[in-house]
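Worksheet for the structure shown next.
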Amino acid sequence: MPDVLKHTKGYLQITNWMINRGQKPFVFQEETWQSILQGKSGLVNAPTGCGKTYAVFLGSIIQFINENPETWQEKNNNGLQLIWITPLRALAKDIGRAMEEVVTELGMRWRVGIRNGDTPVTERQKQKRNMPEVLIITPESLHLLLAQKGYGELFNNVRIIAVDEWHELLGSKRGVQVELALSRIVGESGVGSQESGVRSQESGVNSQTNKEGSRESLVNSQRQQLKEKSKNTKTVHPTNDSRLTTHDSGLTTHDSGLSTKDSRLKTPDSRLSIWGISATIGNLEQARDVLLWPIISALDNRKIKPETNIIKAELNKRIEVESIYPDEIEKYPWAGHLGIKLAHKIIPIVEKSRTTLIFINTRGMSETWYQTLLNIAPEWAGAIALHHGSIEQALRLWVEDALHEGILKAVVCTSSLDLGVDFRPVETVIQVGSPKGVGRFLQRAGRSGHQPGEASKIYFLPTHSLELVEAAALKEAIKENIIESRDPMILCFDVLIQYLCTLAISDGFIPEVIFHEIKSTYCFKDITREEWREVMQFILEGGKALQAYDEFHKAEMIDGICRITSRRLAMRHRMHIGTIVSDAMLKVKFMTGGYVGVVEEYFISRLLPGDVFTLAGRNLEFIMIKDMTALVRKSSAKKSIVPSWLGGRMSLSANLGKMLRRKLQEGGEGHSPDPELIAIQPLFNLQKELSHIPGSNELLIEHIETKDGFHLFVHTFEGRLINEAMAAVLAWRISRILPITFSMAMNDYSFELLSDQPIPVDDSNVYELFSPENLSEHIQRSINASEMAKRKFRDIAVIGGLIFQGMPGEQKKARHLQSSASLLFQVFQEYDPHNLLLRQAYQEVFDIQVEEARLREMLDRIINGKIVITFPTRLTPFSFPVKVDDMRRENLSSESLEERIKRMQAGF
């Protein structure tokens with residue numbers, strides 16, 4: 001540990017506090033504190049439950065104590081010192097509790113505030129008048145701060161911005177929101193200016209300051225930023241549009257005489273630093289660079305080499321994984337049903353643990369599991385709870401508090417409890433079904449033993465027998481530390497447009513200044529002048545296609561500053577800041593009063609009065625819809641419908657798929673010591689007898705003829721999204737050989753093409769059919785890219801402010817939103833085919849939905865490996881699950897799915 005830290009007053013105070021609690025700092029925590037004192041930025045990487053929060057938060061405390069060695073306990077109203085960005089509201093309460101505990105025990109007068117959608121209006125107003133020293137905030141609420149008049153004053157004293165769970169935000173539009181907010185705060189802090197941070201004290205004037213003073217201070221502040229950022233940059237006006245020309249530089253002639261006498265010089269030792277906090281992520285260096293790009297760019301402008309760190313905790317966090325085995329291994333597995341049949345096996349696991357979290361992948365299945373466990377163990381009533389994102393907030397908060405207090409025996413939950421909430425009573429985690437990724441599995445495992453030095457115990461319960469191979473693959477991946485990467489998003493113009501409107505409704509912005517700032521983000525580092533011109537034209541007059549419609553003329557240039565002056569537009573914009581666009585939700589309430597939760601509109605629209613469904617562990621009878629609310633009453637019916645929420649479909653990750661193929665090869669060879677592979681040996685034996693078990697460098701294709709027709713099963717083990725895209729591409733390529741019609745089915749492991757005639761795939765053409773050549777063109781021809789892009793465009797249009805979702809309680813129905821988006825999509829295609837948002841919609845289809853890059857990697861692997869074609873006489877253990885998935889979509893039989901499957905199995 002460096003002496004410069006060891007002898008500081010702040011360090012001594014913190015270490016004494018920890019010693020009194022029976023703790024001592026880890027090396028990685030001390031390294032973080034040292035870097036913070038040196039003004040560096042960085043990324044802290046440590047296993048869940050090992051003190052990542054203390055690494056940054058206590059560093060902020062040490063910094064404050066060192067700068068105020070005599071008065072650190074008496075000083076109050078210090079302004080906002082630490083911004084703590086968190087992706088989930090559920091995290092805020094727990095983090096705030098931990099921080100307040102530290103502050104109280106140290107005798108400091110710091111206040112810890114929380115700012116998210118659940119924060120009462122009175123608390124927000126109190127924060128605006130007098131900011132707490134620590135503000136825990138979501139990305140959306142941070143942008144709402146930027147939408148306030150005089151927001152610059154809020155950040156005057158900020159020393160550290162911490163982004164918690166950065167691995168969850170990276171690779172999403174919420175992560176882009178964070179990047180843009182950081183670029184503005186860094187711009188306000190003056191990190192990149194030669195004078196170590198010129199910014200106006202007047203940039204955040206209160207309501208008593210006249211408008212001219214506010215405008216003058218804004219121009220001074222942003223003009224200084226422009227001056228510094230443009231020293232080595234040739235200024236090129238982005239457009240010849242008369243509304244922008246001469247204003248874009250931010251230095252109009254009548255502004256040139258404004259004084260900078262109100263500017264404040266920040267001393268070098270008060271430089272803003274940014275810290276990311278991450279647990280499980282594969283691309284650490286890129287994750288650090290994406291987050292710190294604004295700081296890196298700002299310092300690079302000053303010819304200062306940025307010092308950024310990745311501080312890794314070299315701690316051996318033990319993860320104990322144990323599989324739950326069925327009494328008899330199914331040779332013909334089918335997805336989903338086995339899990340519920342094994343529910344009784346988790347009863348003794350829960351009984352011997354103080355508290356257990358039972359993770360289910362979807363909200364609908366979590367409702368089913370909750371009811372099943374209560375049926376098996378009715379004595380658990382009151383000691384078992386349900387937690388997912390559609391349950392009303394008060395109940396979710398009660399569950400979280402009860403977990404802290406250790407009064408719950410078990411909680412059935414979804415990803416709503418994935419992230420860093422510290423529930424120390426939790427001793428055990430049970431994962432039901434495939435977690436679809438190594439990182440997600442580790443994250444969930446870390447919910448147990450959430451203390452340094454304690455092992456995390458997680459049980460894996462398969463929902464079909466093949467998932468036992470995934471359990472073996474997960475163990476191997478954890479041992480080899482193979483964790484998924486999160487690729488950052490690039491050029492999200494919808495988020496940029498929303499961000500610019502946010503700035504325009506507060507103090508406004510000088511386009512040229514903000515252009516330099518957004519280019520300092522990783523997402524927009526490659527934005528061109530022409531693209532910027534189009535973005536500005538879009539918010540000023542709706543772009544080329546919509547300029548004739550006044551409602552799309554949002555902003556205007558006033559004295560070189562881009563502003564939105566309409567109070568109606570400003571109010572509408574504030575209501576819909578954010579990038580999470582979900583299907584229309586309906587509140588569910590009892591007729592007698594009382595809120596239950598939310599369900600998606602498409603589900604309720606299919607119910608008739610009298611139908612019974614399950615929500616929040618209760619059976620509810622649907623009565624009617626009134627004012628966008630589903631009214632219900634309690635029902636004693638034993639049978640009910642379980643809602644299925646859209647967006648619950650996850651796909652197998654590339655890393656887990658790779659490990660899965662390796663374990664399949666080991667299982668086929670029959671020499672693996674893994675207990676899961678030994679247990680599943682009867683299935684492997686049957687697969688080898690009927691067909692083949694592919695090696696890690698092989699692709700297995702099975703031709704099978706049944707009474708339904710001719711089946712082509714392709715076993716990639718690459719995930720549902722890849723199989724969906726590859727099925728479409730392969731079908732289109734085969735159709736060029738001869739006229740043929742297919743139906744398709746797929747799961748995470750395989751896909752099926754079914755036709756009424758033999759499918760021409762053999763040794764003479766199979767490598768050509770799986771070639772990566774002309775892949776982009778063939779994807780566009782095979783998947784109806786326009787229709788997929790149209791669906792993507794709906795979300796883009798909502799985020800970009802083209803579609804107004806309605807006032808609270810009066811949200812537009814999903815079909816109305818879709819029709820509005822479809823109309824705009826057609827207008828852009830016809831009148832503005834190169835529109836940025838249109839281009840983005842197609843790009844997101846290829847990058848996110850089709851995963852073109854990963855599909856290409858798979859095809860490269862296939863043609864450089866070996867393709868094995870077999871002709872089984874009946875369905876195999878590998879092909880059977882895909883056939884069952886296909887049967888789920890058939891609604892012509894009066895038999896239940898389980899009856900039909902049992903009949904099929906009996907015939908083998």
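By convention here, the chains of the structure tokens are called A, B, ... in the order presented, each chain's residues are numbered starting at 1, and ligands are numbered starting at 1 in the order presented.
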Checklist entry - Within 12 Å of Glu351 in chain A, counting only C-alpha atoms, which residues qualify if same-chain residues fewer than 4 places away don't, as a list in words? => result His344, Lys345, Ile346, Ile347, Thr355, Thr356, Ala377, Glu379, Trp380, Ala383, Ile384, Leu408, Lys409, Ala410, Glu427 and Thr428 of chain A
Checklist entry - Excluding same-chain residues fewer than 4 positions from Ser60 in chain A, what lies within 9 Å of it counting only C-alpha atoms, as a list in words? => result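 The neighbour list is Trp33, Ile36, Leu37, Val56, Phe64, Ile65, Gln81, Leu82, Arg159 and Ile160 of chain A.
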Item to check | Distance criterion (only C-alpha atoms): nearest to Asn375 in chain A out of A:Gly865, A:Pro87, A:Gly617, A:Gly389 | outcome: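 That would be A:Gly617, the residue with the smallest distance to Asn375 in chain A.
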Checklist entry - Got a sec: who's within 7 Å of range 99-114 of chain A, counting only C-alpha atoms, leaving out chain neighbours fewer than 5 positions off, as a list in words? => result Trp72, Gln73, Glu74, Lys75, Asn76, Ala92, Thr119, Pro132, Glu133, Val134, Leu135, Ile136 and Ile137 of chain A
Next on the checklist: Just want the 6 Å neighbourhood of range 713-730 of chain A, counted on only C-alpha atoms, with same-chain residues fewer than 6 positions away dropped. Output as JSON, numbers by chain.
Outcome noted: {"A": [651, 652, 657, 700, 701, 702, 747, 748, 749, 750, 751, 752, 779, 782, 850]}
Could you write out that same residue set with N, CA, C and O atoms as a short mmCIF file (atom, residue, chain, number, x, y, z; two decimals), in the first residue's frame?
```cif
data_model
loop_
_atom_site.label_atom_id
_atom_site.label_comp_id
_atom_site.auth_asym_id
_atom_site.auth_seq_id
_atom_site.Cartn_x
_atom_site.Cartn_y
_atom_site.Cartn_z
N SER A 651 -31.69 -15.69 -24.97
CA SER A 651 -31.02 -16.61 -25.88
C SER A 651 -29.69 -17.04 -25.29
O SER A 651 -29.02 -16.27 -24.59
N LEU A 652 -29.31 -18.27 -25.57
CA LEU A 652 -28.05 -18.82 -25.09
C LEU A 652 -26.88 -17.94 -25.54
O LEU A 652 -26.79 -17.54 -26.70
N GLY A 657 -22.62 -21.43 -25.16
CA GLY A 657 -22.77 -22.35 -26.29
C GLY A 657 -21.47 -23.07 -26.62
O GLY A 657 -21.45 -24.28 -26.89
N LEU A 700 -24.00 -31.12 -36.64
CA LEU A 700 -24.82 -32.30 -36.91
C LEU A 700 -26.10 -31.89 -37.61
O LEU A 700 -26.83 -31.02 -37.15
N ILE A 701 -26.38 -32.56 -38.75
CA ILE A 701 -27.63 -32.38 -39.50
C ILE A 701 -28.32 -33.73 -39.59
O ILE A 701 -27.70 -34.74 -39.95
N GLU A 702 -29.61 -33.75 -39.25
CA GLU A 702 -30.38 -34.99 -39.28
C GLU A 702 -31.54 -34.86 -40.26
O GLU A 702 -32.34 -33.93 -40.16
N ASN A 747 -35.12 -23.87 -31.07
CA ASN A 747 -34.88 -23.61 -29.65
C ASN A 747 -33.42 -23.18 -29.52
O ASN A 747 -32.79 -22.82 -30.51
N ASP A 748 -32.88 -23.19 -28.31
CA ASP A 748 -31.50 -22.73 -28.12
C ASP A 748 -30.48 -23.68 -28.74
O ASP A 748 -29.35 -23.27 -29.03
N TYR A 749 -30.85 -24.93 -28.92
CA TYR A 749 -29.89 -25.92 -29.38
C TYR A 749 -29.95 -26.18 -30.88
O TYR A 749 -28.92 -26.46 -31.51
N SER A 750 -31.12 -26.13 -31.45
CA SER A 750 -31.31 -26.64 -32.82
C SER A 750 -32.40 -25.84 -33.54
O SER A 750 -33.14 -25.08 -32.92
N PHE A 751 -32.50 -26.07 -34.86
CA PHE A 751 -33.66 -25.60 -35.60
C PHE A 751 -34.11 -26.68 -36.58
O PHE A 751 -33.36 -27.59 -36.93
N GLU A 752 -35.37 -26.56 -36.99
CA GLU A 752 -35.99 -27.56 -37.86
C GLU A 752 -36.59 -26.88 -39.07
O GLU A 752 -37.25 -25.84 -38.96
N ILE A 779 -29.41 -12.49 -45.64
CA ILE A 779 -30.25 -12.19 -44.48
C ILE A 779 -31.38 -11.26 -44.89
O ILE A 779 -32.55 -11.48 -44.56
N SER A 782 -34.05 -13.04 -46.81
CA SER A 782 -34.73 -14.18 -46.19
C SER A 782 -35.61 -13.83 -45.00
O SER A 782 -36.53 -14.59 -44.69
N VAL A 850 -30.78 -10.17 -35.22
CA VAL A 850 -30.22 -11.25 -36.04
C VAL A 850 -28.83 -11.65 -35.56
O VAL A 850 -28.39 -12.77 -35.77
#
```
Checklist entry - What is the CA of Val598 in chain A to CA of Glu392 in chain A distance in Å? => result 7.3 Å
Next on the checklist: If I take CA of Lys790 in chain A and CA of Ala841 in chain A, how far is one from the other in Å, to one decimal?
Outcome noted: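 Atom-to-atom, CA of Lys790 in chain A to CA of Ala841 in chain A, that is 7.3 Å.
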Checklist entry - What does the distance from CA of Arg288 in chain A to CA of Gly42 in chain A come to in Å, to one decimal? => result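 If I compute the distance from CA of Arg288 in chain A to CA of Gly42 in chain A, I get 6.6 Å.
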